[in-house]
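K.L.:
Have a look at this one before I ask anything.
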Amino acid sequence: MSTAAPRVPASLADLAVPVAELTPYHRNPRTGDLDSIAESLSVNGQYRPIVVNRGTLTGRPNEILAGNHTYKAAKRLGWTDIAVTFLDVDDDAAAKIVIVDNRTSDLAGYDTALLADILTELPDLDGTGYDQDQLDQLLDETALPAPIELPSDGADTGAAATVDYLQWGYMQWSSTRVRITQAEVELLDALYKQFVGDNDSDLGFGWHVLNEEHRAEEGAAA
């Protein structure tokens with residue numbers, strides 16, 4: 001279990017101001033996950049200051065431009081102080097800062113394999129914004145094999161050539177792997193195509209196959 005970090009670390013202590021003196025941006029279009037942010041503040045402390053407009057040019061003193069949800073989470077946790085960097089900009093500049101701060105987060109992506117590796121190496125997931133179910137899903141997604149590109153049969157028919165290594169296959173779950181026969185491959189392939197055709201997705205295919213098998217066994221037992 002992670003040890004809670006100081007609220008405002010020594011490196012940011014000179015930037016701390018009373019939470020009560022700040023106000024959220026008056027037209028913030030962003031919604032945030034306050035639970036995750038509050039958890040991060042509890043575990044990690046405040047690791048970067050929020051950005052506040054002094055308001056000389058807008059008439060709205062001490063208005064938060066970046067970090068509105070960090071501020072709200074800190075208030076929820078009962079913090080009395082929070083680290084701040086100040087700007088003094090007009091309405092147009094303030095609006096652009098609010099928008100771009102949110103937009104650059106939206107445009108960013110992940111190297112999901114590297115993310116999964118980092119999360120797996122941590123002693124726990126406290127304060128990361130991820131839970132075990134989300135990590136398990138991420139590991140499942142990054143472990144998926146690349147699709148096999150089938151060669152042409154060479155006769156310009158659009159059909160795929162017969163390839164020896166596709167006449168058998170494996171099934172794997174967790175660390176268990178078993179080899180399956182050509183007949184089993186063909187049956188699974190037919191079931192898969194029907195499932196995707198019915199659902200426009202292959203999400204839940206494994207559970208579908210298992211449930212069908214269970215129902216078949218129950219019917220035979222009766």
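Residue numbering restarts at 1 for every chain of the structure tokens, chains are lettered A, B, ... in their displayed order, and ligands are numbered from 1 as they appear.
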Neighbours of Gly206 (chain A) within 12 Å (only C-alpha atoms; same-chain residues fewer than 3 positions away dropped), as a list in words?

P.N.:
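Everything that qualifies: Met171, Gln172, Trp173, Leu188, Leu191, Tyr192, Phe195, Val196, Asp202, Leu203, Val209, Leu210, Asn211, Glu212 and Glu213 of chain A.
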
K.L.:
With all heavy atoms retained, write the just-selected residues as a compact mmCIF listing (two decimals), in the first residue's frame.

P.N.:
# COMPACT_ATOMS: atom_id res chain seq x y z
N MET A 171 -5.32 -22.72 -28.26
CA MET A 171 -6.18 -21.91 -27.40
C MET A 171 -5.37 -21.61 -26.14
O MET A 171 -4.67 -22.48 -25.63
CB MET A 171 -7.47 -22.66 -27.03
CG MET A 171 -8.40 -22.91 -28.19
SD MET A 171 -9.95 -23.68 -27.68
CE MET A 171 -10.67 -22.36 -26.72
N GLN A 172 -5.45 -20.38 -25.68
CA GLN A 172 -4.68 -20.00 -24.50
C GLN A 172 -5.52 -19.13 -23.60
O GLN A 172 -6.25 -18.26 -24.05
CB GLN A 172 -3.40 -19.25 -24.90
CG GLN A 172 -2.56 -18.83 -23.69
CD GLN A 172 -1.19 -18.36 -24.07
OE1 GLN A 172 -0.66 -18.71 -25.12
NE2 GLN A 172 -0.58 -17.55 -23.21
N TRP A 173 -5.44 -19.38 -22.32
CA TRP A 173 -6.01 -18.51 -21.31
C TRP A 173 -5.04 -18.50 -20.13
O TRP A 173 -4.48 -19.52 -19.77
CB TRP A 173 -7.40 -19.00 -20.86
CG TRP A 173 -7.45 -20.40 -20.34
CD1 TRP A 173 -7.41 -20.79 -19.03
CD2 TRP A 173 -7.55 -21.61 -21.12
NE1 TRP A 173 -7.47 -22.16 -18.94
CE2 TRP A 173 -7.55 -22.69 -20.21
CE3 TRP A 173 -7.62 -21.88 -22.48
CZ2 TRP A 173 -7.64 -24.01 -20.62
CZ3 TRP A 173 -7.70 -23.20 -22.89
CH2 TRP A 173 -7.72 -24.25 -21.98
N LEU A 188 -14.48 -23.36 -34.55
CA LEU A 188 -14.34 -22.08 -33.87
C LEU A 188 -14.43 -20.92 -34.86
O LEU A 188 -15.04 -19.88 -34.56
CB LEU A 188 -13.01 -22.02 -33.12
CG LEU A 188 -12.96 -22.73 -31.77
CD1 LEU A 188 -11.53 -22.76 -31.25
CD2 LEU A 188 -13.87 -22.05 -30.75
N LEU A 191 -18.07 -20.41 -35.70
CA LEU A 191 -18.77 -19.78 -34.59
C LEU A 191 -18.40 -18.31 -34.46
O LEU A 191 -19.25 -17.45 -34.20
CB LEU A 191 -18.43 -20.51 -33.28
CG LEU A 191 -18.99 -21.92 -33.11
CD1 LEU A 191 -18.41 -22.58 -31.87
CD2 LEU A 191 -20.51 -21.89 -33.02
N TYR A 192 -17.12 -18.01 -34.67
CA TYR A 192 -16.63 -16.64 -34.58
C TYR A 192 -17.29 -15.75 -35.64
O TYR A 192 -17.77 -14.65 -35.34
CB TYR A 192 -15.11 -16.62 -34.72
CG TYR A 192 -14.51 -15.23 -34.73
CD1 TYR A 192 -14.31 -14.54 -33.54
CD2 TYR A 192 -14.15 -14.62 -35.93
CE1 TYR A 192 -13.76 -13.27 -33.54
CE2 TYR A 192 -13.61 -13.35 -35.94
CZ TYR A 192 -13.42 -12.67 -34.75
OH TYR A 192 -12.88 -11.41 -34.76
N PHE A 195 -20.87 -15.11 -34.74
CA PHE A 195 -20.99 -14.21 -33.60
C PHE A 195 -20.74 -12.77 -34.01
O PHE A 195 -21.49 -11.86 -33.64
CB PHE A 195 -20.00 -14.63 -32.50
CG PHE A 195 -20.08 -13.79 -31.26
CD1 PHE A 195 -20.99 -14.09 -30.26
CD2 PHE A 195 -19.24 -12.69 -31.07
CE1 PHE A 195 -21.08 -13.32 -29.10
CE2 PHE A 195 -19.31 -11.92 -29.93
CZ PHE A 195 -20.23 -12.23 -28.94
N VAL A 196 -19.68 -12.53 -34.79
CA VAL A 196 -19.36 -11.18 -35.24
C VAL A 196 -20.46 -10.65 -36.16
O VAL A 196 -20.84 -9.48 -36.09
CB VAL A 196 -17.99 -11.15 -35.95
CG1 VAL A 196 -17.75 -9.79 -36.60
CG2 VAL A 196 -16.87 -11.46 -34.97
N ASP A 202 -16.43 -8.66 -31.78
CA ASP A 202 -16.08 -9.96 -31.21
C ASP A 202 -15.95 -9.89 -29.69
O ASP A 202 -15.54 -10.86 -29.05
CB ASP A 202 -14.79 -10.51 -31.82
CG ASP A 202 -13.60 -9.61 -31.64
OD1 ASP A 202 -13.71 -8.61 -30.89
OD2 ASP A 202 -12.54 -9.88 -32.24
N LEU A 203 -16.34 -8.74 -29.10
CA LEU A 203 -16.29 -8.61 -27.65
C LEU A 203 -17.28 -9.59 -27.00
O LEU A 203 -18.46 -9.59 -27.31
CB LEU A 203 -16.64 -7.18 -27.24
CG LEU A 203 -16.51 -6.84 -25.76
CD1 LEU A 203 -15.05 -6.96 -25.32
CD2 LEU A 203 -17.01 -5.43 -25.48
N VAL A 209 -19.03 -18.65 -26.33
CA VAL A 209 -18.70 -20.04 -26.61
C VAL A 209 -18.82 -20.88 -25.35
O VAL A 209 -19.39 -21.99 -25.37
CB VAL A 209 -17.28 -20.14 -27.20
CG1 VAL A 209 -16.85 -21.60 -27.32
CG2 VAL A 209 -17.22 -19.48 -28.57
N LEU A 210 -18.32 -20.39 -24.24
CA LEU A 210 -18.38 -21.15 -22.99
C LEU A 210 -19.82 -21.38 -22.55
O LEU A 210 -20.19 -22.47 -22.12
CB LEU A 210 -17.62 -20.40 -21.90
CG LEU A 210 -16.09 -20.37 -22.05
CD1 LEU A 210 -15.48 -19.44 -21.01
CD2 LEU A 210 -15.51 -21.76 -21.92
N ASN A 211 -20.65 -20.35 -22.66
CA ASN A 211 -22.04 -20.51 -22.26
C ASN A 211 -22.79 -21.49 -23.15
O ASN A 211 -23.61 -22.28 -22.69
CB ASN A 211 -22.75 -19.14 -22.27
CG ASN A 211 -22.44 -18.34 -21.02
OD1 ASN A 211 -22.07 -18.89 -20.00
ND2 ASN A 211 -22.57 -17.03 -21.12
N GLU A 212 -22.52 -21.42 -24.46
CA GLU A 212 -23.15 -22.37 -25.38
C GLU A 212 -22.75 -23.79 -25.02
O GLU A 212 -23.57 -24.70 -25.01
CB GLU A 212 -22.72 -22.06 -26.83
CG GLU A 212 -23.31 -20.78 -27.39
CD GLU A 212 -24.83 -20.86 -27.54
OE1 GLU A 212 -25.33 -21.95 -27.90
OE2 GLU A 212 -25.50 -19.85 -27.28
N GLU A 213 -21.48 -23.98 -24.70
CA GLU A 213 -21.00 -25.31 -24.34
C GLU A 213 -21.65 -25.79 -23.05
O GLU A 213 -22.07 -26.94 -22.94
CB GLU A 213 -19.47 -25.30 -24.19
CG GLU A 213 -18.86 -26.63 -23.80
CD GLU A 213 -19.09 -27.73 -24.85
OE1 GLU A 213 -19.31 -27.37 -26.02
OE2 GLU A 213 -19.06 -28.91 -24.48

K.L.:
Check region 58-155 of chain A with DSSP on the backbone and list each residue it calls strand (DSSP E or B), as a list of chain:residue names.

P.N.:
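The strand (DSSP E or B) subset of region 58-155 of chain A is A:Glu63, A:Ile64, A:Leu65, A:Ala66, A:Asp81, A:Ile82, A:Ala83, A:Val84, A:Thr85, A:Phe86, A:Leu87, A:Ser152.
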
K.L.:
Ranking A:Leu77, A:Ala13, A:Ala94, A:Leu139 by minimum distance to Leu114 (chain A) and counting only C-alpha atoms, which one comes first?

P.N.:
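Closest residue, counting only C-alpha atoms: A:Leu139.
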
K.L.:
So which residues touch Val51 (chain A) within 6 Å, counting only C-alpha atoms, skipping near sequence neighbours fewer than 3 positions away, as a PyMOL selection string?

P.N.:
chain A and resi 64-66+84-86

K.L.:
Determine the nearest neighbour of Asp14 (chain A) from the options A:Val98, A:Ile82, A:Asn44, A:His26, counting only C-alpha atoms.

P.N.:
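Of A:Val98, A:Ile82, A:Asn44, A:His26, the one nearest Asp14 (chain A) is A:Ile82, counting only C-alpha atoms.
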
K.L.:
Looking at only C-alpha atoms, which of A:Gly109, A:Gly32, A:Gly129, A:Gly59 is the one that sits closest to Ala73 (chain A)?

P.N.:
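Ranking A:Gly109, A:Gly32, A:Gly129, A:Gly59 by distance to Ala73 (chain A), first place goes to A:Gly32.
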
K.L.:
Near Val89 (chain A), within 10 Å and counting only C-alpha atoms, which residues show up once chain neighbours fewer than 6 positions away are dropped, as a PDB file with C-alpha atoms, in the first residue's frame?

P.N.:
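Dumped to result20.pdb:
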ATOM      1  CA  VAL A  52      -4.623  31.079 -11.580  1.00  0.00           C
ATOM      2  CA  ASN A  53      -5.469  34.365 -13.293  1.00  0.00           C
ATOM      3  CA  ARG A  54      -5.118  37.393 -11.008  1.00  0.00           C
ATOM      4  CA  GLY A  55      -8.086  38.955 -12.804  1.00  0.00           C
ATOM      5  CA  THR A  56      -6.897  42.546 -13.141  1.00  0.00           C
ATOM      6  CA  LEU A  57      -8.037  42.514 -16.802  1.00  0.00           C
ATOM      7  CA  THR A  58     -11.149  40.343 -16.413  1.00  0.00           C
ATOM      8  CA  ALA A  95     -10.389  31.275 -22.427  1.00  0.00           C
ATOM      9  CA  ILE A  97      -5.570  28.760 -21.847  1.00  0.00           C
TER      10      ILE A  97
END

K.L.:
Would you work out the distance separating CA of Val43 (chain A) from CA of Leu125 (chain A), expressed in Å to one decimal?

P.N.:
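Calculated distance between CA of Val43 (chain A) and CA of Leu125 (chain A) is 10.3 Å.
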
K.L.:
For Thr128 (chain A), which residue among A:Leu15, A:Leu87, A:Ile37, A:Val178 is the nearest when counting only C-alpha atoms?

P.N.:
A:Ile37

K.L.:
Given the choices A:Arg48, A:Asn199, A:Tyr25, A:Glu184, which gets closest to Asp91 (chain A) if the distance is worked out from only C-alpha atoms?

P.N.:
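With only C-alpha atoms as the atom set, the closest residue is A:Tyr25.
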
K.L.:
Hey, can you check how far CA of Leu12 (chain A) sits from CA of Pro49 (chain A)?

P.N.:
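Distance between the two atoms: 7.5 Å.
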
K.L.:
Using only C-alpha atoms, can you tell me which of A:Tyr71, A:Ile180, A:Ser36, A:Thr80 comes closest to Asp131 (chain A)?

P.N.:
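Ranking A:Tyr71, A:Ile180, A:Ser36, A:Thr80 by distance to Asp131 (chain A), first place goes to A:Ser36.
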